[in-house]
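S.K.: Below is the structure I would like to discuss, written out as structure tokens.
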Amino acid sequence: MDEGSFREKLLSAQVKTVYSSGEEAGPSPYTPLSISVLFPGEKITFDLYLKVAKKERRGFEFLPFLQEGEAWDRQWLERLTFKGIDRLYFRKNDLEHLIAYLNNYLQILKHQSKKVSPALLAVFSEHLNFSVRRALQLPRLGPAVKEAKSHIENLIGWVQHDPGAIKMMWKILYHDYNLYNHSLNLCLMGVAFLLNLKYSATECRDLGVSALFHDIGMTRIPQEIVFKEGPLTPAEQAEIRTHPELGHQILKRKVGNSLSSLPKEALRLTLEHHENADGSGYPRGLPLNRQHPWTPIMRLLDSYDSLTVNRPYRGAFKPFNSLKILKDSHGPRGPIYDSQIMKNFITFLTAD
Ligand SMILES: [Fe+2]
Ligand SMILES: [Fe+2]
């Protein structure tokens, strides 16, 4: 069977394609990639796979769809989209190739037009997402922080130039939970929110960078706990609660002597992002007046994102319902989320 007919068969009605949220759980050697960031007409520099249900057996498998060196044809985008498929998979070993490929596409899009487009933002966010993944696997974080800073400066420039970019950005937020999607969502929302509150570009950038790495401690929590379907036992909850302190230690170690490259807020926000406004949070139970001024912002964005994405054990809450849940969240000594920030966030989300 030649390559073409093989793909035809894969796209035929008999083959059942599958995907699910939380698909990074477990030791899969494949990572999903949104097909909207593939460069039409250009050769791909890595193999792409389709996730399909196994015939008459439980589970799924990854079948080759496009090989390195083949061009990405727009017809694949249309036909896959028609079948309800929005992603293909690449091998984790190809992460470097993928980042270089996205960077190339991003540079071309940036030069093509000064205007922000959905394609530019999609490639930008996927590139930043995968760069953060790579960064978390490397022993040194300094170069990744520098790269993230310049990326976020670009983003701030786009939003300042065209406020409509925020609306576009809302559409590219990831809807499936994994650590990297969550971190990137927080970064994008945080930058947009602070710009809306008229913070300086430097402050917006520094909060954005801090958001990218705020949950780095979660990389040390066993995957079975992170992706557990159903309620956690008290021991598992206690384990999860160690991630702010773990993250703080990892960040200090990973930035080493290049500590200056990391915004000074990042260490504190990593440590404090689960502290509540009424002092009932963790790890230290700090009252609001002893928290960093950006801590309650991160706390709110973090919970908002957790509610509005799909989890392995439940669907996503709608934005309105999520805001209501957060507004009604009370600890033993008062509201969990700072009420002024809550008000500003609602105004921001509901603005035209
Ligand atoms: Fe966290
Ligand atoms: Fe988080």
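Chain identifiers are assigned as A, B, and so on, following the order in which chains appear in the structure tokens; residues are numbered from 1 within each chain, and ligands are numbered from 1 in order of appearance.
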If the limit is 8 Å from any atom of ligand 1, counting only C-alpha atoms and all ligand atoms, which residues qualify? Return them as a VMD selection string.

M.R.: chain A and resid 214 to 215 217 to 218 243 to 244 270 273 to 274 302

S.K.: At a cut-off of 12 Å around ligand 2, and using only C-alpha atoms and all ligand atoms, what residues come up? Please write them as number ranges by chain.

M.R.: A: 177-187, 210-219, 226, 240-241, 243-244, 247, 269-275, 295, 297-307

S.K.: Using only C-alpha atoms, which of the listed residues (A:Asn93, A:Ser322, A:Thr347, A:Asn289) sits closest to Ala277 of chain A?

M.R.: A:Asn289

S.K.: Check the DSSP output for the backbone and give back, as a PyMOL selection string, the residues of segment 116-194 of chain A in alpha helix (DSSP H).

M.R.: chain A and resi 118-137+142-161+164-172+179-194

S.K.: Find the residues near segment 111-114 of chain A: any atom within 10 Å, counting only C-alpha atoms, skip ones fewer than 4 places away on the same chain, and give them as a PDB file with N, CA, C and O atoms, in the first residue's frame.

M.R.:
ATOM      1  N   LEU A 106       7.158  30.758  13.212  1.00  0.00           N
ATOM      2  CA  LEU A 106       6.845  31.978  13.967  1.00  0.00           C
ATOM      3  C   LEU A 106       7.574  33.190  13.372  1.00  0.00           C
ATOM      4  O   LEU A 106       6.977  34.259  13.192  1.00  0.00           O
ATOM      5  N   GLN A 107       8.854  33.013  13.048  1.00  0.00           N
ATOM      6  CA  GLN A 107       9.627  34.132  12.482  1.00  0.00           C
ATOM      7  C   GLN A 107       9.016  34.571  11.149  1.00  0.00           C
ATOM      8  O   GLN A 107       8.919  35.758  10.854  1.00  0.00           O
ATOM      9  N   LEU A 120      -0.664  33.529  14.083  1.00  0.00           N
ATOM     10  CA  LEU A 120       0.541  33.983  14.791  1.00  0.00           C
ATOM     11  C   LEU A 120       0.442  33.628  16.277  1.00  0.00           C
ATOM     12  O   LEU A 120       1.380  33.075  16.861  1.00  0.00           O
ATOM     13  N   TRP A 158       2.146  43.121  21.030  1.00  0.00           N
ATOM     14  CA  TRP A 158       0.981  42.836  20.170  1.00  0.00           C
ATOM     15  C   TRP A 158      -0.311  43.335  20.815  1.00  0.00           C
ATOM     16  O   TRP A 158      -1.154  43.921  20.165  1.00  0.00           O
ATOM     17  N   HIS A 161      -0.545  47.075  20.850  1.00  0.00           N
ATOM     18  CA  HIS A 161      -0.760  47.579  19.501  1.00  0.00           C
ATOM     19  C   HIS A 161      -2.204  47.317  19.044  1.00  0.00           C
ATOM     20  O   HIS A 161      -2.799  48.118  18.346  1.00  0.00           O
TER      21      HIS A 161
END

S.K.: Which residue out of A:Met342, A:Leu246, A:Leu88, A:Leu48 has the minimum interatomic distance to Ser329 of chain A when only C-alpha atoms are used?

M.R.: A:Met342

S.K.: Could you give me, as a list in words, each residue of segment 54-161 of chain A that DSSP assigns to strand (DSSP E) when run on this structure's backbone?

M.R.: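 Matching residues, listed in order: Phe60, Glu61, Phe62, Leu63, Pro64, Phe65, Leu66, Arg87, Leu88, Tyr89, Phe90 and Arg91 of chain A.
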
S.K.: Fewer than 2 positions away in the same chain doesn't count, so skip those; otherwise give me all residues within 12 Å of Leu128 of chain A, counting only C-alpha atoms, as number ranges by chain.

M.R.: A: 98-100, 102-103, 106, 121-126, 130-135, 144-145, 147-152, 154-155, 180-181, 183-185, 187-188, 208-209, 212

S.K.: Please, what distance in Å, to one decimal, runs between atom CA of Asp176 of chain A and atom CA of Asn310 of chain A?

M.R.: 5.0 Å

S.K.: Suppose you want the space between atom CA of Tyr101 of chain A and atom CA of Val116 of chain A; what is it in Å?

M.R.: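 Here the two named atoms are 19.9 Å from each other.
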
S.K.: For Leu349 of chain A, which residue among A:Ile250, A:Ala119, A:Met189, A:Leu10 is the nearest when counting only C-alpha atoms?

M.R.: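 Result for the nearest residue to Leu349 of chain A: A:Met189.
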
S.K.: By how many Å are atom CA of Ala201 of chain A and atom CA of Met169 of chain A apart?

M.R.: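 Between these atoms lies a distance of 17.6 Å.
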